[in-house]
Each structure stands twice: as structure tokens, then as C-alpha cells.
>>> print(open('query.pdb').read())   # PDB, C-alpha atoms and all ligand atoms
ATOM      1  CA  MET A 697     121.340  92.361  85.446
ATOM      2  CA  LYS A 698     118.247  92.159  87.669
ATOM      3  CA  THR A 699     118.284  91.046  91.293
ATOM      4  CA  LEU A 700     115.795  88.595  92.759
ATOM      5  CA  LEU A 701     115.830  88.742  96.563
ATOM      6  CA  ILE A 702     114.693  85.776  98.650
ATOM      7  CA  VAL A 703     113.656  86.774 102.169
ATOM      8  CA  HIS A 704     112.989  83.703 104.262
ATOM      9  CA  HIS A 705     112.572  82.332 107.748
ATOM     10  CA  THR A 706     113.810  78.755 107.731
ATOM     11  CA  PRO A 707     113.626  77.145 111.183
ATOM     12  CA  SER A 708     113.015  73.500 110.216
ATOM     13  CA  PRO A 709     113.922  70.776 107.705
ATOM     14  CA  SER A 710     110.577  71.137 105.882
ATOM     15  CA  LEU A 711     111.158  74.817 105.308
ATOM     16  CA  ARG A 712     114.779  74.156 104.407
ATOM     17  CA  ALA A 713     113.676  71.765 101.664
ATOM     18  CA  MET A 714     111.166  74.307 100.359
ATOM     19  CA  TYR A 715     113.707  77.132 100.475
ATOM     20  CA  GLU A 716     116.282  75.098  98.569
ATOM     21  CA  ALA A 717     113.735  74.165  95.893
ATOM     22  CA  VAL A 718     112.607  77.783  95.516
ATOM     23  CA  ARG A 719     116.207  78.957  95.324
ATOM     24  CA  ALA A 720     117.099  76.304  92.739
ATOM     25  CA  GLY A 721     114.127  77.357  90.619
ATOM     26  CA  ALA A 722     115.047  81.021  90.935
ATOM     27  CA  GLY A 723     118.512  80.203  89.650
ATOM     28  CA  THR A 724     117.351  78.086  86.731
ATOM     29  CA  ASP A 725     119.535  78.088  83.620
ATOM     30  CA  GLU A 726     116.374  78.693  81.588
ATOM     31  CA  VAL A 727     116.387  82.339  82.687
ATOM     32  CA  GLU A 728     119.233  84.742  81.986
ATOM     33  CA  GLY A 729     120.047  88.111  83.429
ATOM     34  CA  VAL A 730     118.910  87.460  87.010
ATOM     35  CA  ARG A 731     121.141  87.328  90.073
ATOM     36  CA  VAL A 732     119.625  85.601  93.115
ATOM     37  CA  GLU A 733     120.328  86.990  96.586
ATOM     38  CA  ALA A 734     119.011  85.483  99.818
ATOM     39  CA  ARG A 735     118.603  86.993 103.259
ATOM     40  CA  ALA A 736     117.278  85.522 106.475
ATOM     41  CA  ALA A 737     114.173  87.528 107.350
ATOM     42  CA  LEU A 738     115.698  88.782 110.608
ATOM     43  CA  THR A 739     118.677  90.281 108.752
ATOM     44  CA  ALA A 740     117.095  91.698 105.566
ATOM     45  CA  SER A 741     117.072  95.483 105.421
ATOM     46  CA  PRO A 742     115.295  98.202 103.445
ATOM     47  CA  VAL A 743     118.546  98.635 101.470
ATOM     48  CA  ASP A 744     118.330  95.000 100.331
ATOM     49  CA  VAL A 745     114.729  95.495  99.255
ATOM     50  CA  LEU A 746     115.360  98.761  97.421
ATOM     51  CA  ALA A 747     118.330  97.208  95.586
ATOM     52  CA  ALA A 748     116.288  94.250  94.306
ATOM     53  CA  ASP A 749     113.869  94.090  91.382
ATOM     54  CA  GLY A 750     111.618  91.286  92.618
ATOM     55  CA  TYR A 751     111.066  89.175  95.706
ATOM     56  CA  LEU A 752     110.470  85.662  96.975
ATOM     57  CA  LEU A 753     109.179  85.414 100.529
ATOM     58  CA  GLY A 754     109.144  82.293 102.694
ATOM     59  CA  SER A 755     107.741  81.657 106.146
ATOM     60  CA  PRO A 756     106.218  79.074 108.444
ATOM     61  CA  VAL A 757     102.687  79.582 109.702
ATOM     62  CA  ASN A 758     102.844  80.332 113.407
ATOM     63  CA  LEU A 759      99.788  80.855 115.599
ATOM     64  CA  GLY A 760      97.631  81.374 112.539
ATOM     65  CA  TYR A 761      99.836  84.134 111.142
ATOM     66  CA  LEU A 762     103.160  84.789 109.421
ATOM     67  CA  SER A 763     106.242  84.023 111.489
ATOM     68  CA  GLY A 764     107.369  86.870 113.706
ATOM     69  CA  ALA A 765     110.563  86.953 111.646
ATOM     70  CA  LEU A 766     108.810  87.726 108.352
ATOM     71  CA  LYS A 767     106.477  90.160 110.111
ATOM     72  CA  HIS A 768     109.559  91.888 111.564
ATOM     73  CA  PHE A 769     110.967  92.128 108.042
ATOM     74  CA  PHE A 770     107.816  93.812 106.780
ATOM     75  CA  ASP A 771     107.737  96.115 109.802
ATOM     76  CA  GLN A 772     111.298  97.200 108.994
ATOM     77  CA  VAL A 773     110.900  97.777 105.265
ATOM     78  CA  TYR A 774     107.294  98.929 104.837
ATOM     79  CA  TYR A 775     107.615 102.709 104.916
ATOM     80  CA  PRO A 776     111.198 103.002 103.621
ATOM     81  CA  CYS A 777     110.223 100.951 100.554
ATOM     82  CA  LEU A 778     106.601 101.989 100.046
ATOM     83  CA  ASP A 779     107.081 104.492  97.234
ATOM     84  CA  GLU A 780     109.959 102.966  95.295
ATOM     85  CA  THR A 781     108.981  99.289  95.193
ATOM     86  CA  ALA A 782     105.348  99.524  94.052
ATOM     87  CA  ARG A 783     104.465  97.153  91.181
ATOM     88  CA  ARG A 784     107.565  95.008  91.689
ATOM     89  CA  PRO A 785     106.811  91.269  91.234
ATOM     90  CA  PHE A 786     106.857  88.784  94.078
ATOM     91  CA  GLY A 787     106.016  85.222  94.975
ATOM     92  CA  ALA A 788     105.642  83.570  98.379
ATOM     93  CA  TYR A 789     105.710  80.146  99.975
ATOM     94  CA  LEU A 790     104.284  79.235 103.372
ATOM     95  CA  HIS A 791     104.451  76.073 105.412
ATOM     96  CA  GLY A 792     102.113  74.984 108.207
ATOM     97  CA  ASN A 793     101.226  71.783 109.976
ATOM     98  CA  ASN A 794      97.516  72.030 109.254
ATOM     99  CA  ASP A 795      96.128  75.437 108.243
ATOM    100  CA  ALA A 796      97.834  78.348 106.482
ATOM    101  CA  THR A 797      94.707  80.469 105.947
ATOM    102  CA  GLY A 798      95.546  83.268 108.366
ATOM    103  CA  ALA A 799      99.106  83.608 107.132
ATOM    104  CA  VAL A 800      97.987  83.726 103.491
ATOM    105  CA  ARG A 801      95.507  86.465 104.377
ATOM    106  CA  ALA A 802      98.169  88.435 106.252
ATOM    107  CA  LEU A 803     100.649  88.143 103.423
ATOM    108  CA  GLU A 804      98.072  89.311 100.892
ATOM    109  CA  SER A 805      97.119  92.232 103.096
ATOM    110  CA  ILE A 806     100.711  93.422 103.615
ATOM    111  CA  THR A 807     101.755  93.021  99.983
ATOM    112  CA  THR A 808      98.577  94.769  98.825
ATOM    113  CA  GLY A 809      99.599  97.671 101.073
ATOM    114  CA  LEU A 810     103.047  97.703  99.491
ATOM    115  CA  ARG A 811     101.408  97.447  96.040
ATOM    116  CA  TRP A 812     103.696  94.554  95.128
ATOM    117  CA  ARG A 813     102.466  92.468  92.210
ATOM    118  CA  ALA A 814     101.817  88.769  92.874
ATOM    119  CA  VAL A 815     103.199  86.674  90.026
ATOM    120  CA  ARG A 816     101.315  83.721  91.529
ATOM    121  CA  PRO A 817      99.035  83.290  94.542
ATOM    122  CA  PRO A 818     101.005  82.346  97.695
ATOM    123  CA  LEU A 819     102.036  78.689  97.686
ATOM    124  CA  ALA A 820     100.803  77.190 100.973
ATOM    125  CA  ILE A 821     101.948  73.692 101.873
ATOM    126  CA  THR A 822     100.794  71.786 104.942
ATOM    127  CA  GLY A 823     102.456  68.712 106.362
ATOM    128  CA  GLU A 824     105.686  67.201 105.168
ATOM    129  CA  PRO A 825     106.474  68.562 101.704
ATOM    130  CA  GLY A 826     106.374  65.807  99.083
ATOM    131  CA  LYS A 827     107.969  65.640  95.668
ATOM    132  CA  ALA A 828     105.095  67.482  93.973
ATOM    133  CA  ASP A 829     105.197  70.203  96.636
ATOM    134  CA  LEU A 830     108.912  70.753  96.113
ATOM    135  CA  GLU A 831     108.376  70.863  92.357
ATOM    136  CA  SER A 832     105.777  73.581  92.975
ATOM    137  CA  CYS A 833     108.392  75.462  95.014
ATOM    138  CA  TRP A 834     110.893  75.150  92.173
ATOM    139  CA  GLU A 835     108.253  76.410  89.713
ATOM    140  CA  LEU A 836     107.498  79.365  91.956
ATOM    141  CA  GLY A 837     111.154  80.400  92.016
ATOM    142  CA  ALA A 838     111.530  79.927  88.267
ATOM    143  CA  THR A 839     108.325  81.853  87.507
ATOM    144  CA  VAL A 840     109.374  84.920  89.473
ATOM    145  CA  ALA A 841     112.857  84.766  87.931
ATOM    146  CA  ALA A 842     111.304  84.575  84.449
ATOM    147  CA  GLU A 843     109.289  87.690  85.251
ATOM    148  CA  LEU A 844     112.544  89.603  85.734
ATOM    149  CA  GLY A 845     114.905  88.018  83.223
ATOM    150  CA  ASP A 846     115.163  86.845  79.652
ATOM    151  CA  VAL A 847     113.724  83.415  78.963
TER     152      VAL A 847
HETATM  153  C1  LIG A 901     104.546  78.373 117.997
HETATM  154  C2  LIG A 901     104.069  77.636 116.788
HETATM  155  C3  LIG A 901     102.835  77.916 116.267
HETATM  156  C4  LIG A 901     102.359  77.233 115.142
HETATM  157  N1  LIG A 901     101.130  77.553 114.643
HETATM  158  C5  LIG A 901     100.696  76.936 113.517
HETATM  159  C6  LIG A 901      99.447  77.303 112.945
HETATM  160  O1  LIG A 901      98.728  78.170 113.417
HETATM  161  N2  LIG A 901      99.040  76.657 111.825
HETATM  162  C7  LIG A 901      99.799  75.668 111.251
HETATM  163  O2  LIG A 901      99.367  75.141 110.235
HETATM  164  N3  LIG A 901     100.991  75.315 111.770
HETATM  165  C8  LIG A 901     101.471  75.930 112.883
HETATM  166  N4  LIG A 901     102.697  75.598 113.411
HETATM  167  C9  LIG A 901     103.532  74.617 112.732
HETATM  168  C10 LIG A 901     104.619  75.304 111.919
HETATM  169  O3  LIG A 901     104.048  75.981 110.827
HETATM  170  C11 LIG A 901     105.640  74.276 111.456
HETATM  171  O4  LIG A 901     106.264  73.759 112.612
HETATM  172  C12 LIG A 901     106.662  74.886 110.539
HETATM  173  O5  LIG A 901     106.081  75.234 109.298
HETATM  174  C13 LIG A 901     107.808  73.937 110.284
HETATM  175  O6  LIG A 901     107.321  72.704 109.844
HETATM  176  P1  LIG A 901     107.878  71.326 110.440
HETATM  177  O7  LIG A 901     107.773  71.461 111.907
HETATM  178  O8  LIG A 901     106.995  70.280 109.849
HETATM  179  O9  LIG A 901     109.281  71.193 109.945
HETATM  180  C14 LIG A 901     103.176  76.256 114.531
HETATM  181  C15 LIG A 901     104.446  75.987 115.066
HETATM  182  C16 LIG A 901     104.892  76.657 116.157
HETATM  183  C17 LIG A 901     106.265  76.359 116.717
END
>>> encode(input="query.pdb", output="C-alpha cells")
Amino acid sequence: MKTLLIVHHTPSPSLRAMYEAVRAGAGTDEVEGVRVEARAALTASPVDVLAADGYLLGSPVNLGYLSGALKHFFDQVYYPCLDETARRPFGAYLHGNNDATGAVRALESITTGLRWRAVRPPLAITGEPGKADLESCWELGATVAAELGDV
């Protein structure tokens, strides 16, 4: 059994809707052999990251960057996980009101440093998430799960 860890900062209804869609996709019946775990970004530890086989990351865009919560997560896990988690697959979703560019760049920079493998480019949604956006979130979760499990 593989473990897919969702690390998320979810401070608003928009992000809650995205998180729930990602989590539902990650737990799709179409993929077997994957257990989904979720941790709020401010509580996730290096032990959680080492114990997982792949990752889904979620954050709002704040002040042109990742939320402090997700940045705190990376600050906590970076060196303890650097050697053992290289090449593990991940996906990410971001939500902003108007421009996610800086947060996407930051996420790519940090995950390049960790040598994590992007299953898809980060999914950046601005404004209120619509039906198509939430379907994209579901697809993101299902795609990373499929990378780990048996389809
Ligand atoms: C302090 C602060 C800074 C923010 N900075 C940005 C920003 O730089 N770019 C952006 O697109 N949205 C920004 N936002 C909006 C948040 O990304 C947005 O509130 C969050 O994703 C939740 O979405 P919602 O408020 O529509 O539910 C900011 C919000 C806060 C509270």
C-alpha cells in the first residue's frame, strides 16, 4: 500500500472546495493500493513526509508568494527529507484572487531543490472556483494517485 500525503493550508471556502475536490480525486475508486492522508500545513512534519510516497500540496497566494503556512512546512521538512524523498511524485494547487505567478515560481523553485517530480504543472486558479476548476482539482488528485497505485 502506498501513501499519498496532502499538505494544505485551507483558510477560506474557495480553498476548502478545492481541497475537497483534490482529496476526492486522490481517493478515486479507479486507483487501488493508495491510502490518502491529509495534514494541515502547520502540523505536517518530516516524519509524515518521509512516510509518504507522493504528495499533493495546496495553498493560497499571499502577497505574491506561497502562504506562510506552506512555506513553514517546506522550511521544516527541507533538509530532513532532502536525500530520501528525491524523485517522489507531487502535484500542487494554488488559489489567488488575481495573480498566482509568484507563488507558482516559488513552488517550482522549492520542489526543484527537493528534486520532487511534478506529475503535472501546478494548478493555479484565480477567483471563485467554478465547476471546471473543481474538476481540474479532482483530476489533479486522481492523476497523482494513479502515479502511485494500480489503475
Ligand atoms: C494577506 C493577503 C495577501 C494576498 N495576496 C494575494 C496575491 O498576492 N495575489 C493573489 O492573487 N491573491 C492574494 N490574496 C488573496 C488570497 O489568495 C485569497 O484570499 C485566498 O486564495 C482565498 O480565496 P478567497 O478569499 O476567494 O476564498 C491575498 C490574501 C491575503 C489575505
>>> residues_around(input="query.pdb", residues="A:Ala802", least_positions_apart="5", cutoff="10 Å", atoms="only C-alpha atoms", output="PDB file with C-alpha atoms, keeping the file's coordinate frame")
ATOM      1  CA  GLY A 760      97.631  81.374 112.539  1.00  0.00           C
ATOM      2  CA  TYR A 761      99.836  84.134 111.142  1.00  0.00           C
ATOM      3  CA  LEU A 762     103.160  84.789 109.421  1.00  0.00           C
ATOM      4  CA  LYS A 767     106.477  90.160 110.111  1.00  0.00           C
ATOM      5  CA  THR A 797      94.707  80.469 105.947  1.00  0.00           C
ATOM      6  CA  THR A 807     101.755  93.021  99.983  1.00  0.00           C
ATOM      7  CA  THR A 808      98.577  94.769  98.825  1.00  0.00           C
TER       8      THR A 808
END
>>> residues_around(input="query.pdb", residues="A:Phe770", least_positions_apart="4", cutoff="9 Å", atoms="only C-alpha atoms", output="list in words")
Ala737, Ala765, Leu766, Tyr774 and Ile806 of chain A
>>> resolve_selection(input="query.pdb", expression="the PyMOL selection byres (((chain A and resi 835) around 12) and not hetatm)", output="number ranges by chain")
A: 714, 717-724, 726, 752, 787-789, 815-816, 819, 828-834, 836-842
>>> atom_distance(input="query.pdb", atom1="atom CA of A:Thr706", atom2="atom CA of A:Pro756")
7.6 Å
>>> atom_distance(input="query.pdb", atom1="atom C8 of ligand LIG 901 (chain A)", atom2="atom CA of A:Gly798")
10.5 Å
>>> residues_near_ligand(input="query.pdb", ligand="ligand LIG 901 (chain A)", cutoff="12 Å", atoms="all atoms listed in the file", output="PDB file with C-alpha atoms, in the frame of the given file")
ATOM      1  CA  HIS A 705     112.572  82.332 107.748  1.00  0.00           C
ATOM      2  CA  THR A 706     113.810  78.755 107.731  1.00  0.00           C
ATOM      3  CA  PRO A 707     113.626  77.145 111.183  1.00  0.00           C
ATOM      4  CA  SER A 708     113.015  73.500 110.216  1.00  0.00           C
ATOM      5  CA  PRO A 709     113.922  70.776 107.705  1.00  0.00           C
ATOM      6  CA  SER A 710     110.577  71.137 105.882  1.00  0.00           C
ATOM      7  CA  LEU A 711     111.158  74.817 105.308  1.00  0.00           C
ATOM      8  CA  ARG A 712     114.779  74.156 104.407  1.00  0.00           C
ATOM      9  CA  ALA A 713     113.676  71.765 101.664  1.00  0.00           C
ATOM     10  CA  MET A 714     111.166  74.307 100.359  1.00  0.00           C
ATOM     11  CA  TYR A 715     113.707  77.132 100.475  1.00  0.00           C
ATOM     12  CA  GLY A 754     109.144  82.293 102.694  1.00  0.00           C
ATOM     13  CA  SER A 755     107.741  81.657 106.146  1.00  0.00           C
ATOM     14  CA  PRO A 756     106.218  79.074 108.444  1.00  0.00           C
ATOM     15  CA  VAL A 757     102.687  79.582 109.702  1.00  0.00           C
ATOM     16  CA  ASN A 758     102.844  80.332 113.407  1.00  0.00           C
ATOM     17  CA  LEU A 759      99.788  80.855 115.599  1.00  0.00           C
ATOM     18  CA  GLY A 760      97.631  81.374 112.539  1.00  0.00           C
ATOM     19  CA  TYR A 761      99.836  84.134 111.142  1.00  0.00           C
ATOM     20  CA  LEU A 762     103.160  84.789 109.421  1.00  0.00           C
ATOM     21  CA  SER A 763     106.242  84.023 111.489  1.00  0.00           C
ATOM     22  CA  GLY A 764     107.369  86.870 113.706  1.00  0.00           C
ATOM     23  CA  TYR A 789     105.710  80.146  99.975  1.00  0.00           C
ATOM     24  CA  LEU A 790     104.284  79.235 103.372  1.00  0.00           C
ATOM     25  CA  HIS A 791     104.451  76.073 105.412  1.00  0.00           C
ATOM     26  CA  GLY A 792     102.113  74.984 108.207  1.00  0.00           C
ATOM     27  CA  ASN A 793     101.226  71.783 109.976  1.00  0.00           C
ATOM     28  CA  ASN A 794      97.516  72.030 109.254  1.00  0.00           C
ATOM     29  CA  ASP A 795      96.128  75.437 108.243  1.00  0.00           C
ATOM     30  CA  ALA A 796      97.834  78.348 106.482  1.00  0.00           C
ATOM     31  CA  THR A 797      94.707  80.469 105.947  1.00  0.00           C
ATOM     32  CA  GLY A 798      95.546  83.268 108.366  1.00  0.00           C
ATOM     33  CA  ALA A 799      99.106  83.608 107.132  1.00  0.00           C
ATOM     34  CA  VAL A 800      97.987  83.726 103.491  1.00  0.00           C
ATOM     35  CA  ALA A 820     100.803  77.190 100.973  1.00  0.00           C
ATOM     36  CA  ILE A 821     101.948  73.692 101.873  1.00  0.00           C
ATOM     37  CA  THR A 822     100.794  71.786 104.942  1.00  0.00           C
ATOM     38  CA  GLY A 823     102.456  68.712 106.362  1.00  0.00           C
ATOM     39  CA  GLU A 824     105.686  67.201 105.168  1.00  0.00           C
ATOM     40  CA  PRO A 825     106.474  68.562 101.704  1.00  0.00           C
ATOM     41  CA  GLY A 826     106.374  65.807  99.083  1.00  0.00           C
TER      42      GLY A 826
END
>>> atom_distance(input="query.pdb", atom1="atom CA of A:Thr699", atom2="atom CA of A:Glu804")
22.4 Å
>>> closest_residue(input="query.pdb", among="A:Ala814, A:Leu803, A:Ala740, A:Leu753", to="A:Val773", atoms="only C-alpha atoms")
A:Ala740
>>> residues_near_point(input="query.pdb", point="(121.2, 94.2, 94.3)", cutoff="9 Å", atoms="all atoms listed in the file", output="count of residues only")
14
>>> resolve_selection(input="query.pdb", expression="the PyMOL selection byres (((chain A and resi 847) around 9) and not hetatm)", output="list in words")
Glu726, Val727, Glu728, Ala842, Glu843, Gly845 and Asp846 of chain A
